[in-house]
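Novice: This is data.cif (mmCIF, N, CA and C atoms).
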data_protein
#
loop_
_atom_site.label_atom_id
_atom_site.label_comp_id
_atom_site.auth_asym_id
_atom_site.auth_seq_id
_atom_site.Cartn_x
_atom_site.Cartn_y
_atom_site.Cartn_z
N MET A 1 8.59 -15.53 -5.97
CA MET A 1 7.91 -14.52 -6.77
C MET A 1 7.94 -13.18 -6.03
N GLN A 2 8.17 -12.10 -6.75
CA GLN A 2 8.15 -10.76 -6.17
C GLN A 2 6.72 -10.40 -5.78
N LEU A 3 6.56 -9.74 -4.64
CA LEU A 3 5.24 -9.36 -4.17
C LEU A 3 4.48 -8.53 -5.21
N SER A 4 5.17 -7.61 -5.88
CA SER A 4 4.48 -6.73 -6.83
C SER A 4 3.96 -7.47 -8.05
N ASN A 5 4.40 -8.72 -8.26
CA ASN A 5 3.90 -9.52 -9.37
C ASN A 5 2.72 -10.40 -8.98
N GLU A 6 2.41 -10.45 -7.69
CA GLU A 6 1.30 -11.26 -7.21
C GLU A 6 0.00 -10.47 -7.32
N ALA A 7 -1.10 -11.16 -7.26
CA ALA A 7 -2.41 -10.51 -7.24
C ALA A 7 -2.97 -10.59 -5.83
N CYS A 8 -3.75 -9.60 -5.47
CA CYS A 8 -4.45 -9.64 -4.19
C CYS A 8 -5.51 -10.73 -4.26
N ILE A 9 -5.61 -11.49 -3.20
CA ILE A 9 -6.57 -12.58 -3.13
C ILE A 9 -7.73 -12.14 -2.25
N PRO A 10 -8.96 -12.22 -2.77
CA PRO A 10 -10.11 -11.80 -1.95
C PRO A 10 -10.16 -12.60 -0.65
N CYS A 11 -10.46 -11.89 0.43
CA CYS A 11 -10.51 -12.56 1.72
C CYS A 11 -11.96 -12.85 2.10
N GLN A 12 -12.10 -13.72 3.05
CA GLN A 12 -13.40 -14.00 3.61
C GLN A 12 -13.45 -13.38 5.00
N ASP A 13 -14.64 -13.17 5.52
CA ASP A 13 -14.75 -12.60 6.85
C ASP A 13 -13.91 -13.39 7.84
N GLY A 14 -13.10 -12.65 8.60
CA GLY A 14 -12.30 -13.28 9.62
C GLY A 14 -11.16 -14.12 9.10
N GLY A 15 -10.71 -13.87 7.87
CA GLY A 15 -9.62 -14.63 7.28
C GLY A 15 -8.35 -14.50 8.09
N PRO A 16 -7.39 -15.38 7.86
CA PRO A 16 -6.17 -15.38 8.67
C PRO A 16 -5.30 -14.16 8.41
N THR A 17 -4.75 -13.62 9.48
CA THR A 17 -3.80 -12.53 9.36
C THR A 17 -2.39 -13.11 9.45
N LEU A 18 -1.43 -12.30 9.06
CA LEU A 18 -0.03 -12.73 9.10
C LEU A 18 0.49 -12.74 10.54
N THR A 19 1.42 -13.63 10.80
CA THR A 19 2.08 -13.66 12.10
C THR A 19 3.12 -12.55 12.14
N PRO A 20 3.58 -12.16 13.32
CA PRO A 20 4.64 -11.15 13.40
C PRO A 20 5.89 -11.55 12.60
N ASP A 21 6.26 -12.82 12.61
CA ASP A 21 7.43 -13.26 11.83
C ASP A 21 7.18 -13.13 10.34
N GLU A 22 5.98 -13.48 9.87
CA GLU A 22 5.65 -13.34 8.45
C GLU A 22 5.67 -11.87 8.04
N ILE A 23 5.12 -11.01 8.89
CA ILE A 23 5.13 -9.57 8.61
C ILE A 23 6.56 -9.07 8.49
N SER A 24 7.40 -9.45 9.43
CA SER A 24 8.80 -9.02 9.42
C SER A 24 9.52 -9.48 8.16
N ASP A 25 9.30 -10.72 7.76
CA ASP A 25 9.94 -11.24 6.55
C ASP A 25 9.50 -10.48 5.31
N LEU A 26 8.20 -10.25 5.17
CA LEU A 26 7.68 -9.58 3.98
C LEU A 26 8.01 -8.09 3.96
N LEU A 27 8.11 -7.48 5.14
CA LEU A 27 8.41 -6.05 5.21
C LEU A 27 9.78 -5.75 4.59
N GLY A 28 10.67 -6.73 4.58
CA GLY A 28 11.96 -6.55 3.94
C GLY A 28 11.87 -6.28 2.45
N GLU A 29 10.74 -6.65 1.85
CA GLU A 29 10.51 -6.40 0.42
C GLU A 29 9.77 -5.08 0.17
N LEU A 30 9.53 -4.33 1.23
CA LEU A 30 8.70 -3.13 1.11
C LEU A 30 9.42 -1.89 1.66
N PRO A 31 10.44 -1.42 0.97
CA PRO A 31 11.15 -0.24 1.46
C PRO A 31 10.21 0.96 1.61
N GLY A 32 10.37 1.66 2.73
CA GLY A 32 9.57 2.86 2.97
C GLY A 32 8.32 2.62 3.80
N TRP A 33 7.89 1.38 3.91
CA TRP A 33 6.67 1.06 4.66
C TRP A 33 7.01 0.76 6.11
N GLU A 34 6.08 1.11 6.99
CA GLU A 34 6.21 0.76 8.40
C GLU A 34 4.95 0.03 8.84
N VAL A 35 5.11 -0.84 9.81
CA VAL A 35 3.97 -1.53 10.42
C VAL A 35 3.61 -0.77 11.68
N VAL A 36 2.34 -0.40 11.79
CA VAL A 36 1.87 0.37 12.94
C VAL A 36 1.04 -0.54 13.84
N ASP A 37 1.49 -0.67 15.07
CA ASP A 37 0.79 -1.47 16.09
C ASP A 37 0.53 -2.90 15.65
N GLY A 38 1.36 -3.45 14.76
CA GLY A 38 1.17 -4.81 14.28
C GLY A 38 -0.12 -5.00 13.52
N HIS A 39 -0.76 -3.89 13.14
CA HIS A 39 -2.12 -3.93 12.58
C HIS A 39 -2.22 -3.47 11.14
N HIS A 40 -1.46 -2.43 10.76
CA HIS A 40 -1.58 -1.90 9.41
C HIS A 40 -0.25 -1.36 8.91
N LEU A 41 -0.19 -1.22 7.59
CA LEU A 41 0.97 -0.64 6.92
C LEU A 41 0.73 0.85 6.70
N HIS A 42 1.80 1.63 6.79
CA HIS A 42 1.71 3.07 6.53
C HIS A 42 2.93 3.51 5.74
N ARG A 43 2.69 4.40 4.80
CA ARG A 43 3.79 5.01 4.07
C ARG A 43 3.37 6.40 3.60
N ALA A 44 4.32 7.31 3.57
CA ALA A 44 4.10 8.67 3.06
C ALA A 44 5.06 8.93 1.91
N TRP A 45 4.58 9.69 0.94
CA TRP A 45 5.39 10.09 -0.22
C TRP A 45 5.37 11.61 -0.30
N ASN A 46 6.46 12.18 -0.78
CA ASN A 46 6.54 13.62 -1.00
C ASN A 46 6.55 13.90 -2.50
N PHE A 47 5.91 14.99 -2.87
CA PHE A 47 5.80 15.40 -4.27
C PHE A 47 6.12 16.87 -4.39
N GLN A 48 6.35 17.32 -5.59
CA GLN A 48 6.71 18.72 -5.84
C GLN A 48 5.52 19.67 -5.71
N ASN A 49 4.29 19.14 -5.81
CA ASN A 49 3.10 19.99 -5.72
C ASN A 49 1.86 19.13 -5.49
N PHE A 50 0.72 19.76 -5.38
CA PHE A 50 -0.53 19.04 -5.15
C PHE A 50 -0.93 18.19 -6.35
N SER A 51 -0.74 18.72 -7.53
CA SER A 51 -1.15 18.01 -8.74
C SER A 51 -0.45 16.66 -8.88
N LEU A 52 0.85 16.62 -8.61
CA LEU A 52 1.59 15.35 -8.70
C LEU A 52 1.13 14.37 -7.63
N ALA A 53 0.85 14.88 -6.44
CA ALA A 53 0.35 14.02 -5.37
C ALA A 53 -1.01 13.44 -5.74
N LEU A 54 -1.88 14.27 -6.27
CA LEU A 54 -3.21 13.81 -6.69
C LEU A 54 -3.10 12.79 -7.81
N ASP A 55 -2.23 13.03 -8.76
CA ASP A 55 -2.02 12.09 -9.86
C ASP A 55 -1.57 10.73 -9.33
N TRP A 56 -0.66 10.74 -8.36
CA TRP A 56 -0.19 9.47 -7.79
C TRP A 56 -1.33 8.74 -7.08
N VAL A 57 -2.13 9.47 -6.31
CA VAL A 57 -3.25 8.83 -5.60
C VAL A 57 -4.24 8.24 -6.60
N GLN A 58 -4.48 8.92 -7.70
CA GLN A 58 -5.38 8.37 -8.72
C GLN A 58 -4.82 7.08 -9.31
N LYS A 59 -3.53 7.02 -9.55
CA LYS A 59 -2.92 5.80 -10.09
C LYS A 59 -2.94 4.68 -9.05
N ALA A 60 -2.66 5.02 -7.80
CA ALA A 60 -2.72 4.02 -6.73
C ALA A 60 -4.16 3.53 -6.56
N GLY A 61 -5.11 4.45 -6.66
CA GLY A 61 -6.53 4.08 -6.57
C GLY A 61 -6.96 3.14 -7.69
N ALA A 62 -6.41 3.35 -8.87
CA ALA A 62 -6.72 2.46 -10.00
C ALA A 62 -6.20 1.04 -9.72
N ILE A 63 -5.03 0.95 -9.08
CA ILE A 63 -4.50 -0.37 -8.70
C ILE A 63 -5.46 -1.02 -7.71
N CYS A 64 -5.93 -0.24 -6.74
CA CYS A 64 -6.88 -0.76 -5.75
C CYS A 64 -8.12 -1.33 -6.42
N GLU A 65 -8.66 -0.59 -7.35
CA GLU A 65 -9.87 -1.05 -8.05
C GLU A 65 -9.60 -2.33 -8.83
N LYS A 66 -8.49 -2.37 -9.53
CA LYS A 66 -8.15 -3.55 -10.33
C LYS A 66 -7.95 -4.78 -9.44
N GLN A 67 -7.34 -4.58 -8.27
CA GLN A 67 -7.06 -5.68 -7.37
C GLN A 67 -8.25 -6.03 -6.47
N GLY A 68 -9.24 -5.15 -6.41
CA GLY A 68 -10.37 -5.39 -5.51
C GLY A 68 -9.95 -5.31 -4.05
N HIS A 69 -8.93 -4.51 -3.76
CA HIS A 69 -8.39 -4.38 -2.41
C HIS A 69 -8.03 -2.92 -2.23
N HIS A 70 -8.61 -2.26 -1.24
CA HIS A 70 -8.56 -0.80 -1.19
C HIS A 70 -7.81 -0.28 0.02
N ALA A 71 -6.96 0.70 -0.23
CA ALA A 71 -6.20 1.39 0.81
C ALA A 71 -6.98 2.62 1.27
N ASP A 72 -6.57 3.16 2.40
CA ASP A 72 -7.05 4.45 2.86
C ASP A 72 -5.97 5.46 2.51
N PHE A 73 -6.38 6.61 1.96
CA PHE A 73 -5.42 7.62 1.52
C PHE A 73 -5.63 8.94 2.26
N LYS A 74 -4.54 9.66 2.44
CA LYS A 74 -4.56 11.03 2.92
C LYS A 74 -3.77 11.83 1.88
N LEU A 75 -4.29 12.98 1.49
CA LEU A 75 -3.71 13.75 0.40
C LEU A 75 -3.66 15.22 0.78
N GLY A 76 -2.56 15.87 0.45
CA GLY A 76 -2.43 17.31 0.67
C GLY A 76 -1.39 17.88 -0.27
N TRP A 77 -1.09 19.17 -0.10
CA TRP A 77 -0.12 19.81 -0.97
C TRP A 77 1.25 19.17 -0.74
N GLY A 78 1.76 18.52 -1.79
CA GLY A 78 3.10 17.95 -1.75
C GLY A 78 3.25 16.63 -1.03
N TYR A 79 2.15 15.99 -0.67
CA TYR A 79 2.28 14.69 -0.02
C TYR A 79 1.05 13.81 -0.24
N ALA A 80 1.28 12.53 -0.10
CA ALA A 80 0.20 11.55 -0.07
C ALA A 80 0.61 10.47 0.93
N GLU A 81 -0.36 9.91 1.61
CA GLU A 81 -0.11 8.83 2.55
C GLU A 81 -1.09 7.70 2.26
N ALA A 82 -0.64 6.49 2.52
CA ALA A 82 -1.51 5.32 2.36
C ALA A 82 -1.46 4.49 3.64
N ILE A 83 -2.60 3.99 4.03
CA ILE A 83 -2.73 3.02 5.12
C ILE A 83 -3.40 1.80 4.53
N ILE A 84 -2.78 0.64 4.76
CA ILE A 84 -3.29 -0.60 4.19
C ILE A 84 -3.45 -1.64 5.29
N TYR A 85 -4.63 -2.26 5.32
CA TYR A 85 -4.87 -3.46 6.12
C TYR A 85 -6.14 -4.09 5.59
N THR A 86 -6.35 -5.33 5.93
CA THR A 86 -7.55 -6.02 5.47
C THR A 86 -8.66 -5.79 6.50
N HIS A 87 -9.63 -4.98 6.12
CA HIS A 87 -10.69 -4.59 7.04
C HIS A 87 -11.48 -5.80 7.54
N LYS A 88 -11.76 -6.76 6.67
CA LYS A 88 -12.54 -7.93 7.08
C LYS A 88 -11.82 -8.78 8.11
N SER A 89 -10.49 -8.77 8.06
CA SER A 89 -9.70 -9.57 9.00
C SER A 89 -9.20 -8.72 10.16
N ASP A 90 -9.35 -7.39 10.05
CA ASP A 90 -8.87 -6.45 11.05
C ASP A 90 -7.39 -6.64 11.35
N GLY A 91 -6.62 -6.78 10.28
CA GLY A 91 -5.17 -6.94 10.43
C GLY A 91 -4.51 -7.08 9.08
N LEU A 92 -3.26 -7.50 9.11
CA LEU A 92 -2.47 -7.61 7.89
C LEU A 92 -2.53 -9.01 7.29
N THR A 93 -2.74 -9.04 5.98
CA THR A 93 -2.73 -10.28 5.22
C THR A 93 -1.69 -10.15 4.11
N ARG A 94 -1.42 -11.23 3.44
CA ARG A 94 -0.46 -11.18 2.32
C ARG A 94 -0.93 -10.20 1.25
N SER A 95 -2.22 -10.11 1.02
CA SER A 95 -2.74 -9.17 0.02
C SER A 95 -2.38 -7.73 0.35
N ASP A 96 -2.29 -7.40 1.63
CA ASP A 96 -1.88 -6.04 2.02
C ASP A 96 -0.45 -5.78 1.59
N MET A 97 0.39 -6.78 1.78
CA MET A 97 1.79 -6.65 1.39
C MET A 97 1.91 -6.53 -0.14
N VAL A 98 1.08 -7.28 -0.86
CA VAL A 98 1.08 -7.22 -2.32
C VAL A 98 0.67 -5.82 -2.78
N LEU A 99 -0.37 -5.26 -2.17
CA LEU A 99 -0.82 -3.93 -2.56
C LEU A 99 0.27 -2.89 -2.28
N ALA A 100 0.93 -2.99 -1.15
CA ALA A 100 2.02 -2.06 -0.83
C ALA A 100 3.14 -2.18 -1.86
N ALA A 101 3.48 -3.38 -2.25
CA ALA A 101 4.53 -3.59 -3.26
C ALA A 101 4.11 -2.98 -4.60
N ARG A 102 2.85 -3.09 -4.94
CA ARG A 102 2.36 -2.49 -6.19
C ARG A 102 2.44 -0.96 -6.13
N PHE A 103 2.17 -0.39 -4.96
CA PHE A 103 2.33 1.06 -4.81
C PHE A 103 3.80 1.44 -4.96
N ASN A 104 4.69 0.65 -4.38
CA ASN A 104 6.12 0.93 -4.54
C ASN A 104 6.55 0.84 -6.00
N ALA A 105 5.96 -0.07 -6.76
CA ALA A 105 6.29 -0.20 -8.18
C ALA A 105 5.93 1.07 -8.94
N LEU A 106 4.88 1.77 -8.52
CA LEU A 106 4.56 3.06 -9.14
C LEU A 106 5.73 4.02 -8.97
N GLU A 107 6.30 4.04 -7.80
CA GLU A 107 7.42 4.93 -7.52
C GLU A 107 8.60 4.60 -8.41
N HIS A 108 8.90 3.33 -8.57
CA HIS A 108 10.05 2.91 -9.35
C HIS A 108 9.84 3.11 -10.85
N ASP A 109 8.60 3.28 -11.26
CA ASP A 109 8.32 3.52 -12.67
C ASP A 109 8.39 5.02 -13.02
N GLY A 110 8.85 5.82 -12.07
CA GLY A 110 9.02 7.26 -12.35
C GLY A 110 7.71 8.00 -12.41
N GLU A 111 6.82 7.75 -11.47
CA GLU A 111 5.49 8.34 -11.51
C GLU A 111 5.43 9.72 -10.84
N GLY A 112 6.45 10.52 -11.03
CA GLY A 112 6.36 11.91 -10.60
C GLY A 112 6.73 12.18 -9.15
N HIS A 113 7.56 11.39 -8.55
CA HIS A 113 7.96 11.63 -7.17
C HIS A 113 9.05 12.67 -7.10
N ALA A 114 8.97 13.46 -6.06
CA ALA A 114 9.98 14.50 -5.85
C ALA A 114 11.26 13.91 -5.29
#
Output the structure of this file as structure tokens.
Specialist:
Amino acid sequence: MQLSNEACIPCQDGGPTLTPDEISDLLGELPGWEVVDGHHLHRAWNFQNFSLALDWVQKAGAICEKQGHHADFKLGWGYAEAIIYTHKSDGLTRSDMVLAARFNALEHDGEGHA
């Protein structure tokens, strides 16, 4: 199953994080994302202006709300960034990878990227 078709699964405190091998395998399905310090996912997008960047963050935020799994965002003129990790587990879980794939699906649907 493609990651973007999966749903985020609610975690419990201290739930299991992915192993480095699992992270490496799943990262192959997430073009544009990088793993920082083996702890979180990061990606930046460029846009033609602030309005398009804000629109993308609002759409990504709606995905977060629907999935019950929330990213951290940074927003400015012509760019947006997302950081994803499971706060309760203090690391990466499969749900983080699913959320990143869903953000990538926004890009592939022509959501205003420069």
Novice: So how many Å separate atom N of Gly28 of chain A and atom N of Trp45 of chain A, to one decimal?
Specialist: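 A separation of 17.9 Å between them.
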Novice: Pick the closest to Leu106 of chain A from A:Gln67, A:Gln58, A:Thr93, A:Gln48: which is it, counting only C-alpha atoms?
Specialist: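 Looking at the shortest contact to Leu106 of chain A, the residue is A:Gln58.
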Novice: Quick one: distance from atom CA of Ala80 of chain A to atom C of Gln2 of chain A in Å, one decimal?
Specialist: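 Going from atom CA of Ala80 of chain A over to atom C of Gln2 of chain A covers 23.6 Å.
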Novice: Hey, can you check how far atom N of Lys66 of chain A sits from atom CA of Gly78 of chain A?
Specialist: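 We find that atom N of Lys66 of chain A and atom CA of Gly78 of chain A lie 24.7 Å from each other.
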Novice: List the neighbours of segment 100-102 of chain A out to 6.5 Å using all atoms listed in the file; skip same-chain residues closer than 2 positions along the sequence, and give me the result as number ranges by chain.
Specialist: A: 3-4, 29-30, 95-98, 104-106
Novice: Specify as a CSV table (one decimal) with N, CA and C atoms, keeping the file's coordinate frame each residue included when the PyMOL selection byres ((chain A and resi 72) around 6) is applied to this file.
Specialist:
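As a result, expr-v6.csv now contains:
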chain,number,residue,atom,x,y,z
A,70,HIS,N,-8.6,-2.3,-1.2
A,70,HIS,CA,-8.6,-0.8,-1.2
A,70,HIS,C,-7.8,-0.3,0.0
A,71,ALA,N,-7.0,0.7,-0.2
A,71,ALA,CA,-6.2,1.4,0.8
A,71,ALA,C,-7.0,2.6,1.3
A,73,PHE,N,-6.4,6.6,2.0
A,73,PHE,CA,-5.4,7.6,1.5
A,73,PHE,C,-5.6,8.9,2.3
A,74,LYS,N,-4.5,9.7,2.4
A,74,LYS,CA,-4.6,11.0,2.9
A,74,LYS,C,-3.8,11.8,1.9
A,81,GLU,N,-0.4,9.9,1.6
A,81,GLU,CA,-0.1,8.8,2.6
A,81,GLU,C,-1.1,7.7,2.3
A,82,ALA,N,-0.6,6.5,2.5
A,82,ALA,CA,-1.5,5.3,2.4
A,82,ALA,C,-1.5,4.5,3.6
A,83,ILE,N,-2.6,4.0,4.0
A,83,ILE,CA,-2.7,3.0,5.1
A,83,ILE,C,-3.4,1.8,4.5
A,84,ILE,N,-2.8,0.6,4.8
A,84,ILE,CA,-3.3,-0.6,4.2
A,84,ILE,C,-3.4,-1.6,5.3
Novice: Hey, what comes out of the PyMOL selection byres ((chain A and resi 34-40) around 6.5) on this file? Could you write it as a ChimeraX atom specification?
Specialist: /A:32-33,41-43,83-85,90-92
Novice: How would you write, as a ChimeraX atom specification, the set of residues in chain A that DSSP gives as strand (DSSP E or B)?
Specialist: /A:34-36,40-46,72-76,79-84,86,91
Novice: Using all atoms listed in the file, which of A:Arg94, A:Leu99, A:Thr86, A:Ser51 sits nearest Cys64 of chain A?
Specialist: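 Selected residue with least distance to Cys64 of chain A: A:Leu99.
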